[in-house]
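**Student:** Structure incoming, see below.
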Amino acid sequence: MGSATAAPGKAVVRRPLSRDVRLFWCASATDALGSQASGVVLPLLLLGLGHSAATVGLVAGVSTAAGLLLAPIAAVPADRGARKPVMLWSALVSALAMGGVAVAAAVGRPPLALLLGAVLVERFSTAVYEAAAAGTVALIAPPADSPRVVAGLSAADQGALVVGPALGGALYQASRALPFVADAVSYTVAAVCVGALKSDLRPGEAASAVAAPGGTAEEAKQGAPGVRTPAGPRRSRPPRPALRAELGAGLALVRTSPFLRLVLIWTTTVNGVIVALYYGAVFTLQKGGHGGAPMGLVLALSGAAGLVGSLAAPHLAGRISAARLLVTVSWLLVPLAAALATVRGPWAYGGLFGVFCLLMPLVTVVLQSRAIQETPPALQARTGAVLSSAVGGSAALAPVVAGVCASRAGTAAPAVASAAVLTLLACWTTYVRVPARGVAV
């Protein structure tokens with residue numbers, strides 16, 4: 001990965017990203033790969049132990065809900081300055097939890113309570129890690145590098161989506177404990193990478209003054225790096241706000257920032273739609289008598305397309321304005337969703353779904369990069385937790401909506417409903433006022 005800078009009419013000059021950026025990318029990539037490898041086989045382990053599909057769904061639902069609820073709380077100590085310790089110890093706790101699942105799976109028939117407890121601990125710790133990591137990019141990379149860093153992180157997630165399930169399935173064939181061993185190792189690697197970061201991951205007093213209720217720009221300058229202030233009596237720190245106010249600070253910023261509201265609405269809607277479309281594909285292919293292999297094909301094609309889209313996003317953003325890119329992609333998604341209501345075969349689903357996943361990162365990378373630049377350092381984790389919780393909530397609700405639509409109106413209904421929702425989103429993005437300042441690339 002590298003950063004690009006260019007003046008009008010001059011060639012683009014690339015410079016390598018810093019050591020800390022590479023370490024953070026390695027931590028995120030290995031974490032994502034291990035999570036995909038173990039996540040795809042956890043339902044198989046539970047079913048193989050004789051538990052019902054309802055139990056599998058309960059474990060998945062409870063662990064997801066736990067992560068969504070904990071993330072905003074975990075973001076507070078990260079924004080207070082404990083970002084690195086929070087990330088380090090949460091990764092180690094996750095490694096121990098997955099190591100416990102591996103041991104339990106290897107020695108015999110573990111009780112459900114043990115597996116559920118280990119999964120919940122891992123989900124709690126992962127939510128803590130992700131909340132703290134949300135503010136790291138702004139502290140290890142300059143604003144001009146943010147799009148490329150975010151694109152690299154997104155590409156790592158998409159690559160893990162392609163490789164992880166296949167790796168987990170192969171390891172599970174050899175031994176049902178191996179995917180969880182791999183996940184424990186991935187968390188350990190992430191902890192080592194985080195521990196090796198040399199950047200100061202604390203937001204600093206300047207950002208704290210901005211984030212605190214009543215903080216002013218003049219107060220933010222006191223103690224800001226590189227800013228000298230006249231000698232005089234030492235000013236006391238602004239009082240730390242109450243915990244309730246700190247928990248709500250990220251939500252308050254999103255509510256008052258037009259651009260962050262745009263990010264919230266667009267990413268939440270599109271991510272919910274893509275999950276609903278995936279489950280619509282599951283219902284349609286299952287009704288057509290197709291097995292699990294076609295769904296693996298759909299996932300592989302969509303993951304590969306998402307990887308390409310993530311890598312292309314910063315280059316495309318340098319040539320097309322953020323507003324035009326947002327509106328164009330929003331409208332292009334509508335016919336793709338509508339077309340999914342008319343197809344039945346796995347190759348057609350894979351192709352259309354792949355194009356959908358190719359286009360989506362072109363916007364999400366740009367929006368996330370700009371959101372990092374728009375958010376004060378002392379609110380990075382809490383704002384990121386608000387955005388990720390909203391996206392996770394829509395992804396958790398989408399299967400329910402897709403199931404209701406399919407059962408009452410047929411398997412094409414999720415795609416039809418998704419096309420209608422995307423049409424409304426496209427109309428809104430066409431007429432909403434997008435802030436003029438573009439994303440630096």
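Convention: chains lettered A, B, ... in structure tokens order; per-chain residue numbering from 1; ligands numbered from 1 as shown.
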Do you know which residues are at most 8 Å from Lys84 (chain A) counting only C-alpha atoms, after dropping those on the same chain fewer than 5 positions away, and could you put them as JSON, numbers by chain?
**Tutor:** {"A": [78, 132, 194, 195, 201]}
**Student:** Limited to N, CA, C and O atoms, could you put the picked residues into a file as a PDB file, in the first residue's frame?
**Tutor:**
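The resulting file, selection.pdb, is reproduced below:
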```pdb
ATOM      1  N   ALA A  78     -11.519   4.016  25.288  1.00  0.00           N
ATOM      2  CA  ALA A  78     -10.616   4.175  24.144  1.00  0.00           C
ATOM      3  C   ALA A  78     -10.425   5.648  23.819  1.00  0.00           C
ATOM      4  O   ALA A  78      -9.298   6.118  23.605  1.00  0.00           O
ATOM      5  N   ALA A 132     -12.440   0.287  19.836  1.00  0.00           N
ATOM      6  CA  ALA A 132     -11.192   1.013  20.041  1.00  0.00           C
ATOM      7  C   ALA A 132     -10.459   1.234  18.732  1.00  0.00           C
ATOM      8  O   ALA A 132      -9.860   2.293  18.509  1.00  0.00           O
ATOM      9  N   VAL A 194      -0.563  -4.977  17.506  1.00  0.00           N
ATOM     10  CA  VAL A 194      -0.997  -3.788  18.247  1.00  0.00           C
ATOM     11  C   VAL A 194       0.054  -3.394  19.270  1.00  0.00           C
ATOM     12  O   VAL A 194       0.376  -2.204  19.439  1.00  0.00           O
ATOM     13  N   GLY A 195       0.619  -4.376  19.965  1.00  0.00           N
ATOM     14  CA  GLY A 195       1.653  -4.075  20.953  1.00  0.00           C
ATOM     15  C   GLY A 195       2.888  -3.448  20.345  1.00  0.00           C
ATOM     16  O   GLY A 195       3.623  -2.719  21.021  1.00  0.00           O
ATOM     17  N   LEU A 201      -1.480   6.616  20.560  1.00  0.00           N
ATOM     18  CA  LEU A 201      -2.882   6.406  20.211  1.00  0.00           C
ATOM     19  C   LEU A 201      -3.829   7.151  21.133  1.00  0.00           C
ATOM     20  O   LEU A 201      -5.044   6.900  21.104  1.00  0.00           O
TER      21      LEU A 201
END
```
**Student:** Just want the 7 Å neighbourhood of Gly164 (chain A), counted on only C-alpha atoms, with same-chain residues fewer than 4 positions away dropped. Output as a VMD selection string.
**Tutor:** chain A and resid 33 to 34 36 to 37 160 168
**Student:** Please, could you write that set of residues out with all heavy atoms as an mmCIF file, in the first residue's frame?
**Tutor:**
```cif
data_model
loop_
_atom_site.group_PDB
_atom_site.id
_atom_site.type_symbol
_atom_site.label_atom_id
_atom_site.label_comp_id
_atom_site.auth_asym_id
_atom_site.auth_seq_id
_atom_site.Cartn_x
_atom_site.Cartn_y
_atom_site.Cartn_z
ATOM 1 N N LEU A 33 -9.494 -12.846 8.966
ATOM 2 C CA LEU A 33 -9.348 -14.187 8.404
ATOM 3 C C LEU A 33 -9.700 -15.250 9.435
ATOM 4 O O LEU A 33 -10.427 -16.211 9.143
ATOM 5 C CB LEU A 33 -7.912 -14.378 7.908
ATOM 6 C CG LEU A 33 -7.588 -15.724 7.272
ATOM 7 C CD1 LEU A 33 -8.437 -15.946 6.025
ATOM 8 C CD2 LEU A 33 -6.097 -15.811 6.934
ATOM 9 N N GLY A 34 -9.192 -15.111 10.658
ATOM 10 C CA GLY A 34 -9.497 -16.081 11.708
ATOM 11 C C GLY A 34 -10.966 -16.101 12.061
ATOM 12 O O GLY A 34 -11.564 -17.176 12.264
ATOM 13 N N GLN A 36 -13.527 -15.303 10.115
ATOM 14 C CA GLN A 36 -14.282 -15.944 9.041
ATOM 15 C C GLN A 36 -14.096 -17.458 9.070
ATOM 16 O O GLN A 36 -15.049 -18.213 8.844
ATOM 17 C CB GLN A 36 -13.842 -15.382 7.687
ATOM 18 C CG GLN A 36 -14.281 -13.967 7.407
ATOM 19 C CD GLN A 36 -15.781 -13.844 7.221
ATOM 20 O OE1 GLN A 36 -16.468 -14.813 6.922
ATOM 21 N NE2 GLN A 36 -16.301 -12.646 7.418
ATOM 22 N N ALA A 37 -12.880 -17.900 9.359
ATOM 23 C CA ALA A 37 -12.610 -19.340 9.375
ATOM 24 C C ALA A 37 -13.385 -20.043 10.476
ATOM 25 O O ALA A 37 -13.929 -21.141 10.270
ATOM 26 C CB ALA A 37 -11.110 -19.583 9.538
ATOM 27 N N ALA A 160 -10.682 -11.771 3.353
ATOM 28 C CA ALA A 160 -10.994 -12.768 4.381
ATOM 29 C C ALA A 160 -12.332 -13.438 4.107
ATOM 30 O O ALA A 160 -12.511 -14.632 4.380
ATOM 31 C CB ALA A 160 -11.013 -12.106 5.757
ATOM 32 N N GLY A 168 -11.673 -22.338 6.783
ATOM 33 C CA GLY A 168 -12.359 -22.925 7.930
ATOM 34 C C GLY A 168 -12.942 -24.287 7.606
ATOM 35 O O GLY A 168 -12.840 -25.231 8.403
#
```
**Student:** Between A:Pro111, A:Gly159, A:Gly81, A:Gly50, which one has atoms that come closest to Ser302 (chain A), using only C-alpha atoms?
**Tutor:**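 When distances to Ser302 (chain A) are compared using only C-alpha atoms, the smallest one comes from A:Gly159.
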**Student:** In Å, how far is it from CA of Pro16 (chain A) to CA of Leu311 (chain A)?
**Tutor:**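 CA of Pro16 (chain A) sits 15.7 Å away from CA of Leu311 (chain A).
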**Student:** Excluding Leu69 (chain A) and residues on its chain fewer than 3 positions from it, collect all residues at most 10 Å away from it, counting only C-alpha atoms, and give them as a VMD selection string.
**Tutor:** chain A and resid 64 to 66 72 to 74 124 127 385 389
**Student:** Include N, CA and C atoms and write out the residues we just selected as an mmCIF file, in the first residue's frame.
**Tutor:**
```cif
data_model
loop_
_atom_site.group_PDB
_atom_site.id
_atom_site.type_symbol
_atom_site.label_atom_id
_atom_site.label_comp_id
_atom_site.auth_asym_id
_atom_site.auth_seq_id
_atom_site.Cartn_x
_atom_site.Cartn_y
_atom_site.Cartn_z
ATOM 1 N N THR A 64 -24.376 -11.508 18.574
ATOM 2 C CA THR A 64 -24.415 -10.280 17.773
ATOM 3 C C THR A 64 -24.992 -9.123 18.579
ATOM 4 N N ALA A 65 -26.098 -9.378 19.276
ATOM 5 C CA ALA A 65 -26.728 -8.328 20.081
ATOM 6 C C ALA A 65 -25.792 -7.854 21.188
ATOM 7 N N ALA A 66 -25.062 -8.789 21.793
ATOM 8 C CA ALA A 66 -24.132 -8.420 22.859
ATOM 9 C C ALA A 66 -23.056 -7.474 22.340
ATOM 10 N N PRO A 72 -20.589 0.795 22.071
ATOM 11 C CA PRO A 72 -20.556 2.205 22.496
ATOM 12 C C PRO A 72 -19.960 2.403 23.889
ATOM 13 N N ILE A 73 -20.164 1.429 24.779
ATOM 14 C CA ILE A 73 -19.598 1.540 26.131
ATOM 15 C C ILE A 73 -18.084 1.392 26.078
ATOM 16 N N ALA A 74 -17.609 0.413 25.301
ATOM 17 C CA ALA A 74 -16.171 0.184 25.207
ATOM 18 C C ALA A 74 -15.450 1.341 24.542
ATOM 19 N N PHE A 124 -17.844 -10.215 23.051
ATOM 20 C CA PHE A 124 -17.633 -9.024 23.873
ATOM 21 C C PHE A 124 -16.262 -8.416 23.573
ATOM 22 N N ALA A 127 -16.017 -6.862 20.138
ATOM 23 C CA ALA A 127 -16.714 -5.579 20.089
ATOM 24 C C ALA A 127 -15.865 -4.477 20.717
ATOM 25 N N ALA A 385 -18.333 3.668 16.804
ATOM 26 C CA ALA A 385 -19.221 2.679 17.420
ATOM 27 C C ALA A 385 -20.674 2.938 17.044
ATOM 28 N N SER A 389 -22.601 0.186 14.961
ATOM 29 C CA SER A 389 -23.772 -0.407 15.612
ATOM 30 C C SER A 389 -25.010 -0.270 14.730
#
```
